[in-house]
Structure formats: structure tokens, C-alpha cells
file target_39.txt (compact mmCIF, C-alpha atoms)
# COMPACT_ATOMS: atom_id res chain seq x y z
CA MET R 1 119.87 71.85 83.31
CA GLY R 2 121.32 75.33 83.71
CA LEU R 3 121.25 79.01 82.83
CA GLN R 4 122.42 80.53 79.55
CA ALA R 5 126.01 81.70 80.12
CA THR R 6 125.59 85.23 78.78
CA ALA R 7 122.59 85.73 81.08
CA ILE R 8 125.01 85.32 83.99
CA ARG R 9 127.27 87.98 82.46
CA ASP R 10 124.42 90.49 82.05
CA MET R 11 123.23 89.82 85.59
CA LEU R 12 126.72 90.54 86.92
CA TYR R 13 126.91 93.78 84.96
CA ALA R 14 123.54 94.82 86.42
CA ALA R 15 124.62 93.85 89.93
CA ALA R 16 127.85 95.83 89.60
CA THR R 17 125.87 99.06 89.72
CA TYR R 18 125.03 98.31 93.36
CA GLY R 19 128.54 98.03 94.77
CA GLU R 20 131.41 95.72 93.85
CA ALA R 21 133.13 95.98 90.47
CA TYR R 22 132.08 93.54 87.73
CA ASP R 23 135.33 91.52 87.74
CA THR R 24 135.28 91.29 91.53
CA LEU R 25 131.71 89.96 91.50
CA ARG R 26 132.53 87.50 88.73
CA GLU R 27 135.50 86.11 90.63
CA MET R 28 133.55 85.91 93.90
CA ALA R 29 130.82 83.96 92.09
CA GLY R 30 133.42 81.57 90.65
CA PHE R 31 133.03 82.36 86.94
CA THR R 32 135.70 82.99 84.32
CA GLN R 33 135.05 85.59 81.63
CA GLU R 34 135.41 82.89 78.98
CA GLU R 35 132.66 80.64 80.35
CA ILE R 36 130.08 83.45 80.43
CA SER R 37 130.84 84.98 77.03
CA ASP R 38 129.12 82.43 74.79
CA SER R 39 125.31 82.30 74.56
CA GLY R 40 125.60 78.73 73.33
CA GLN R 41 127.04 77.62 76.68
CA VAL R 42 125.02 76.76 79.77
CA VAL R 43 126.09 77.23 83.40
CA GLU R 44 125.19 74.42 85.82
CA TRP R 45 122.00 75.51 87.58
CA GLN R 46 123.11 75.17 91.22
CA LYS R 47 126.11 77.42 90.56
CA ALA R 48 123.93 79.91 88.72
CA ALA R 49 121.26 79.91 91.44
CA LYS R 50 123.79 80.56 94.22
CA LEU R 51 124.77 83.77 92.45
CA TYR R 52 121.53 85.28 93.76
CA ASP R 53 122.55 84.44 97.35
CA LEU R 54 125.94 86.07 96.87
CA LEU R 55 124.42 89.26 95.48
CA ALA R 56 121.83 89.46 98.28
CA ASP R 57 124.58 89.03 100.88
CA ILE R 58 126.82 91.67 99.32
CA THR R 59 124.06 94.26 98.95
CA HIS R 60 122.25 93.31 102.18
CA ASN R 61 119.06 93.37 100.13
CA GLU R 62 116.79 90.34 99.87
CA GLN R 63 114.92 92.07 97.02
CA ILE R 64 118.04 92.49 94.88
CA GLY R 65 116.31 90.49 92.14
CA LEU R 66 113.77 93.28 91.69
CA LEU R 67 116.50 95.88 91.32
CA MET R 68 118.63 93.86 88.93
CA GLY R 69 115.67 92.87 86.80
CA GLY R 70 114.98 96.51 86.12
CA ASP R 71 118.49 97.03 84.78
CA VAL R 72 119.14 94.07 82.45
CA PRO R 73 118.68 94.54 78.67
CA VAL R 74 116.55 92.26 76.48
CA SER R 75 119.86 90.78 75.27
CA VAL R 76 120.05 88.89 78.58
CA THR R 77 117.81 86.32 76.85
CA GLY R 78 120.19 85.90 73.91
CA MET R 79 118.78 84.87 70.54
CA VAL R 80 115.34 84.45 72.10
CA GLY R 81 115.44 88.17 72.87
CA PHE R 82 116.38 88.97 69.27
CA MET R 83 113.31 87.07 68.09
CA MET R 84 111.16 88.93 70.60
CA GLN R 85 112.48 92.23 69.25
CA ALA R 86 111.48 91.14 65.74
CA SER R 87 107.94 90.19 66.82
CA LYS R 88 104.88 92.07 65.51
CA SER R 89 103.33 92.70 68.91
CA LEU R 90 103.91 92.23 72.61
CA ASP R 91 101.50 89.31 72.43
CA GLU R 92 103.70 87.55 69.88
CA ALA R 93 106.86 88.39 71.84
CA ILE R 94 105.38 86.77 74.96
CA GLU R 95 104.46 83.68 72.94
CA VAL R 96 108.06 83.51 71.69
CA TYR R 97 109.46 83.57 75.22
CA CYS R 98 106.99 81.00 76.49
CA LYS R 99 108.00 78.72 73.61
CA TYR R 100 111.77 79.17 73.81
CA GLY R 101 112.37 80.50 77.34
CA HIS R 102 113.58 77.08 78.51
CA MET R 103 116.64 77.65 76.30
CA VAL R 104 117.57 80.60 78.54
CA CYS R 105 116.63 78.99 81.87
CA PRO R 106 115.24 75.44 81.82
CA MET R 107 114.45 75.66 85.53
CA ILE R 108 111.28 77.64 84.75
CA VAL R 109 108.52 76.65 82.33
CA TYR R 110 106.40 79.51 81.02
CA LYS R 111 102.76 79.14 80.01
CA TYR R 112 100.69 81.83 78.34
CA LYS R 113 96.92 81.92 78.08
CA LYS R 114 94.00 84.28 77.54
CA GLU R 115 90.97 84.39 79.81
CA GLY R 116 88.38 86.89 78.60
CA LYS R 117 89.92 90.34 78.83
CA LEU R 118 93.05 89.05 80.58
CA ALA R 119 96.38 87.74 79.30
CA ILE R 120 98.17 85.56 81.86
CA ILE R 121 101.80 84.45 82.08
CA GLU R 122 102.39 81.51 84.41
CA LEU R 123 105.86 80.76 85.79
CA HIS R 124 106.24 77.10 86.75
CA GLN R 125 109.45 76.96 88.77
CA ASN R 126 111.38 73.71 89.17
CA GLU R 127 110.28 72.00 92.40
CA LEU R 128 113.83 70.88 93.28
CA TRP R 129 115.03 74.48 93.08
CA LYS R 130 112.24 75.71 95.35
CA ALA R 131 112.74 72.92 97.87
CA THR R 132 116.55 72.96 97.97
CA TYR R 133 117.32 76.66 97.66
CA PRO R 134 114.17 78.59 98.65
CA ARG R 135 116.03 81.87 99.16
CA ASN R 136 117.57 82.14 95.72
CA ALA R 137 114.46 80.59 94.15
CA ARG R 138 112.52 83.60 95.41
CA ILE R 139 115.14 86.07 94.25
CA GLY R 140 115.13 84.36 90.86
CA ILE R 141 111.38 84.89 90.47
CA ASP R 142 111.76 88.52 91.59
CA PHE R 143 114.36 88.99 88.86
CA ILE R 144 112.03 87.57 86.21
CA LEU R 145 109.06 89.68 87.34
CA ALA R 146 111.07 92.91 87.21
CA SER R 147 112.90 92.07 83.99
CA THR R 148 109.59 91.24 82.29
CA VAL R 149 108.24 94.71 83.05
CA ASN R 150 111.57 96.21 81.98
CA HIS R 151 111.65 94.29 78.70
CA ILE R 152 108.06 95.20 77.87
CA LYS R 153 109.00 98.89 77.97
CA ALA R 154 112.08 98.25 75.83
CA LEU R 155 110.03 96.33 73.26
CA THR R 156 107.06 98.72 73.05
CA GLY R 157 108.39 102.06 74.28
CA LYS R 158 105.46 102.19 76.69
CA ASN R 159 104.99 101.70 80.42
CA ILE R 160 102.76 98.63 80.39
CA PHE R 161 102.34 97.11 83.83
CA PRO R 162 100.47 94.00 84.94
CA GLN R 163 97.04 94.35 86.47
CA ALA R 164 98.10 91.95 89.23
CA VAL R 165 100.95 89.64 90.17
CA GLU R 166 100.67 86.46 92.22
CA VAL R 167 103.62 84.72 93.88
CA GLU R 168 103.93 81.49 95.81
CA TYR R 169 106.20 82.76 98.57
CA ALA R 170 105.33 84.54 101.82
CA LYS R 171 104.51 88.22 102.14
CA ASP R 172 107.51 90.49 102.61
CA ALA R 173 108.73 93.97 101.61
CA VAL R 174 105.43 94.76 99.86
CA LYS R 175 106.46 98.28 98.87
CA SER R 176 109.52 96.96 97.02
CA TYR R 177 107.23 94.91 94.80
CA THR R 178 104.60 97.58 94.20
CA ASP R 179 107.28 100.19 93.41
CA VAL R 180 108.62 97.99 90.61
CA LEU R 181 105.50 96.23 89.36
CA HIS R 182 103.00 99.08 89.89
CA CYS R 183 100.18 96.70 90.79
CA GLN R 184 98.71 94.66 93.61
CA VAL R 185 100.78 91.62 94.58
CA LEU R 186 99.15 88.53 96.07
CA PHE R 187 101.52 86.47 98.22
CA ASN R 188 101.11 82.80 99.24
CA ALA R 189 99.39 82.16 95.93
CA PRO R 190 99.20 78.64 94.43
CA LEU R 191 101.25 79.71 91.39
CA HIS R 192 103.54 82.48 90.15
CA ARG R 193 101.51 84.55 87.65
CA MET R 194 101.59 87.92 85.90
CA ILE R 195 98.16 89.13 84.77
CA PHE R 196 97.87 91.73 82.00
CA ARG R 197 94.99 93.31 80.13
CA ALA R 198 94.51 91.51 76.81
CA GLU R 199 94.31 94.84 75.00
CA ASP R 200 97.71 95.90 76.37
CA VAL R 201 99.51 92.89 74.92
CA GLN R 202 98.32 93.88 71.43
CA THR R 203 100.74 96.83 71.57
CA PRO R 204 103.14 96.77 68.57
CA VAL R 205 106.84 96.03 69.06
CA LEU R 206 108.96 98.98 67.93
CA THR R 207 111.58 96.87 66.13
CA SER R 208 109.24 94.42 64.39
CA ASP R 209 110.84 92.71 61.39
CA ALA R 210 109.10 89.76 59.69
CA SER R 211 112.24 88.52 57.91
CA LEU R 212 114.36 88.54 61.05
CA PHE R 213 111.54 86.90 63.01
CA GLU R 214 111.45 84.02 60.54
CA MET R 215 115.22 83.67 60.55
CA PHE R 216 115.48 83.50 64.35
CA ASN R 217 112.50 81.15 64.50
CA ASN R 218 114.26 78.75 62.14
CA ILE R 219 117.53 78.93 64.07
CA LEU R 220 115.90 78.41 67.47
CA GLY R 221 113.73 75.63 66.09
CA GLN R 222 116.87 73.80 64.92
CA LYS R 223 118.60 74.32 68.26
call {"tool": "encode", "arguments": {"input": "target_39.txt", "output": "C-alpha cells"}}
result
Amino acid sequence: MGLQATAIRDMLYAAATYGEAYDTLREMAGFTQEEISDSGQVVEWQKAAKLYDLLADITHNEQIGLLMGGDVPVSVTGMVGFMMQASKSLDEAIEVYCKYGHMVCPMIVYKYKKEGKLAIIELHQNELWKATYPRNARIGIDFILASTVNHIKALTGKNIFPQAVEVEYAKDAVKSYTDVLHCQVLFNAPLHRMIFRAEDVQTPVLTSDASLFEMFNNILGQK
């Protein structure tokens, strides 16, 4: 299991805005440009996870995941992101990521469900990751929370924020989370979750394209 190689590249580009130059960060993290330039390649998960520790150490910021997540483009998710951009609505784009997100990062399983007027995204993080590397496991979830909000704006052109976010880890730096997520955050929760209004996820995607959606769906299905 591992992380899509080009996701590492985009994360390094985002992190470079907070200090060290891109090539310096890449070398410090132990990656060659060649190994992170192909979306078909996967970086071994322990090496990828430790990147979060390095970035937190360099920036002296344990919430670096929140900052980076707000800077990465939808392309960080590779072909899955292209299919999301071709989706009819945010609802369909979320379904796409929950179906194919394991191809970007198999260490997290996404589940999407509707409960009345709510649309809920669950993030089931690999237990070995949480138990072995709790620090970068937390930063990794922070990155996903922030990048989800960021990608929603890119897809819809609108500031759509969750109604609430729940995370498994302990309470810390509350303002950092509310500044990025614009909602109440419940810590020490039984599960990582992002809770949206069902009506918000019906928002159209700006770049919807039925033909491209079908093409990417066929390609990802074969992969």
C-alpha cells in the first residue's frame, strides 16, 4: 500500500510556499523527481507518511496539514480528480472519490451516506498507520479535511463548508481548524467525519462533461 506518486509532488510544491525550496524539500524527504512524476506509480506508505513529520519539523507547525491542504489543486488526486471535475454535481464528485480514492491513498477508505438533510463523508484511516505513526496520521487527516474544502470550491466556484467535522484525535489548536473549516470541530470522536447539508452537495460542478466522465470512469474501472 502507498500514496500516488504525483500526490507527493503536489504536496511538496504546496509545502515549498512555507519555507524551503521545492528541490531542497524533495531531497530532504528522500524522493527523486523521476519517482514522483508518474501518477501510475505508488510511493511506499511509510516513506510517504513520514513526509508529514518532516514538514511539521521544518515549519514548526503541527497543523501544517491544514495549511497545505488549502493550497493543493484537484490534480493532486490524479485521474480521479479529472473524473470529479467532469461530474454533474458535487454529490456525484464525492461519490467518485469515495469509490476510487483508494487509488490515490489506500491507507484511507472513504464512505459516503445520506441521513435526512445531511450528507456525511466518513474517513476510515488504516489502524496500523494510526497506531505506528500517530503524529503524521493526524497531519494526514488534517490535510484531507482542508483539501476537501479547497477542492469543493475549485469544483463548484462556491464557498461550501461542512456543518460540522468530527475527528478521532485529541483537542488541540482549535482556532486553526475553525479558521480553515469554518465550522464546529468535535475532537475525541469515534470516527473521522465531515458533515454537509444535503442541499449543498447538489451544487453543480463548473466543468461537468458527460463524455469525459464516462471515459475516466472506464479507465479507472479497468485500473
call {"tool": "residues_around", "arguments": {"input": "target_39.txt", "residues": "R:Lys130", "least_positions_apart": "4", "cutoff": "12 Å", "atoms": "only C-alpha atoms", "output": "list in words"}}
result
Gln46, Ala49, Met107, Ile108, His124, Gln125, Asn126, Pro134, Arg135, Asn136, Ala137, Arg138, Ile139, Gly140, Ile141, Glu168 and Tyr169 of chain R
call {"tool": "atom_distance", "arguments": {"input": "target_39.txt", "atom1": "atom CA of R:Ile120", "atom2": "atom CA of R:Ala164"}}
result
9.8 Å
call {"tool": "closest_residue", "arguments": {"input": "target_39.txt", "among": "R:Ala131, R:Ala5, R:Ala146, R:Leu90", "to": "R:Gln202", "atoms": "only C-alpha atoms"}}
result
R:Leu90
call {"tool": "closest_residue", "arguments": {"input": "target_39.txt", "among": "R:Gly19, R:Pro106, R:Gly116, R:Pro204", "to": "R:Glu44", "atoms": "only C-alpha atoms"}}
result
R:Pro106
call {"tool": "residues_around", "arguments": {"input": "target_39.txt", "residues": "R:Ser87", "least_positions_apart": "6", "cutoff": "10 Å", "atoms": "all atoms listed in the file", "output": "list in words"}}
result
Gly81, Ala93, Ile94, Glu95, Val96, Leu155, Pro204, Val205, Leu206, Thr207, Ser208, Asp209, Ala210, Leu212, Phe213 and Glu214 of chain R
call {"tool": "closest_residue", "arguments": {"input": "target_39.txt", "among": "R:Tyr112, R:Asp200, R:Lys47, R:Met83", "to": "R:Thr156", "atoms": "only C-alpha atoms"}}
result
R:Asp200
call {"tool": "closest_residue", "arguments": {"input": "target_39.txt", "among": "R:Lys111, R:Thr203, R:Val43, R:Leu220", "to": "R:Lys88", "atoms": "all atoms listed in the file"}}
result
R:Thr203
call {"tool": "atom_distance", "arguments": {"input": "target_39.txt", "atom1": "atom CA of R:Ile8", "atom2": "atom CA of R:Val201"}}
result
28.1 Å
call {"tool": "residues_around", "arguments": {"input": "target_39.txt", "residues": "R:Ala16", "least_positions_apart": "4", "cutoff": "12 Å", "atoms": "all atoms listed in the file", "output": "PyMOL selection string"}}
result
chain R and resi 9-12+20-26+55+58-59+64+67-68+71-72
call {"tool": "residues_around", "arguments": {"input": "target_39.txt", "residues": "R:Asp179", "least_positions_apart": "3", "cutoff": "12 Å", "atoms": "all atoms listed in the file", "output": "list in words"}}
result
Gln63, Leu66, Leu67, Gly70, Ala146, Val149, Phe161, Ala173, Val174, Lys175, Ser176, His182, Cys183, Gln184 and Val185 of chain R
call {"tool": "atom_distance", "arguments": {"input": "target_39.txt", "atom1": "atom CA of R:Leu51", "atom2": "atom CA of R:Ile195"}}
result
28.2 Å
call {"tool": "closest_residue", "arguments": {"input": "target_39.txt", "among": "R:Val180, R:Leu128, R:Ala7, R:Ala48", "to": "R:Gly78", "atoms": "all atoms listed in the file"}}
result
R:Ala7
call {"tool": "closest_residue", "arguments": {"input": "target_39.txt", "among": "R:Thr32, R:Ser211, R:Thr132, R:Asn61", "to": "R:Tyr18", "atoms": "all atoms listed in the file"}}
result
R:Asn61
call {"tool": "residues_around", "arguments": {"input": "target_39.txt", "residues": "R:Ala119", "least_positions_apart": "3", "cutoff": "7 Å", "atoms": "all atoms listed in the file", "output": "VMD selection string"}}
result
chain R and resid 113 to 115 195 to 198
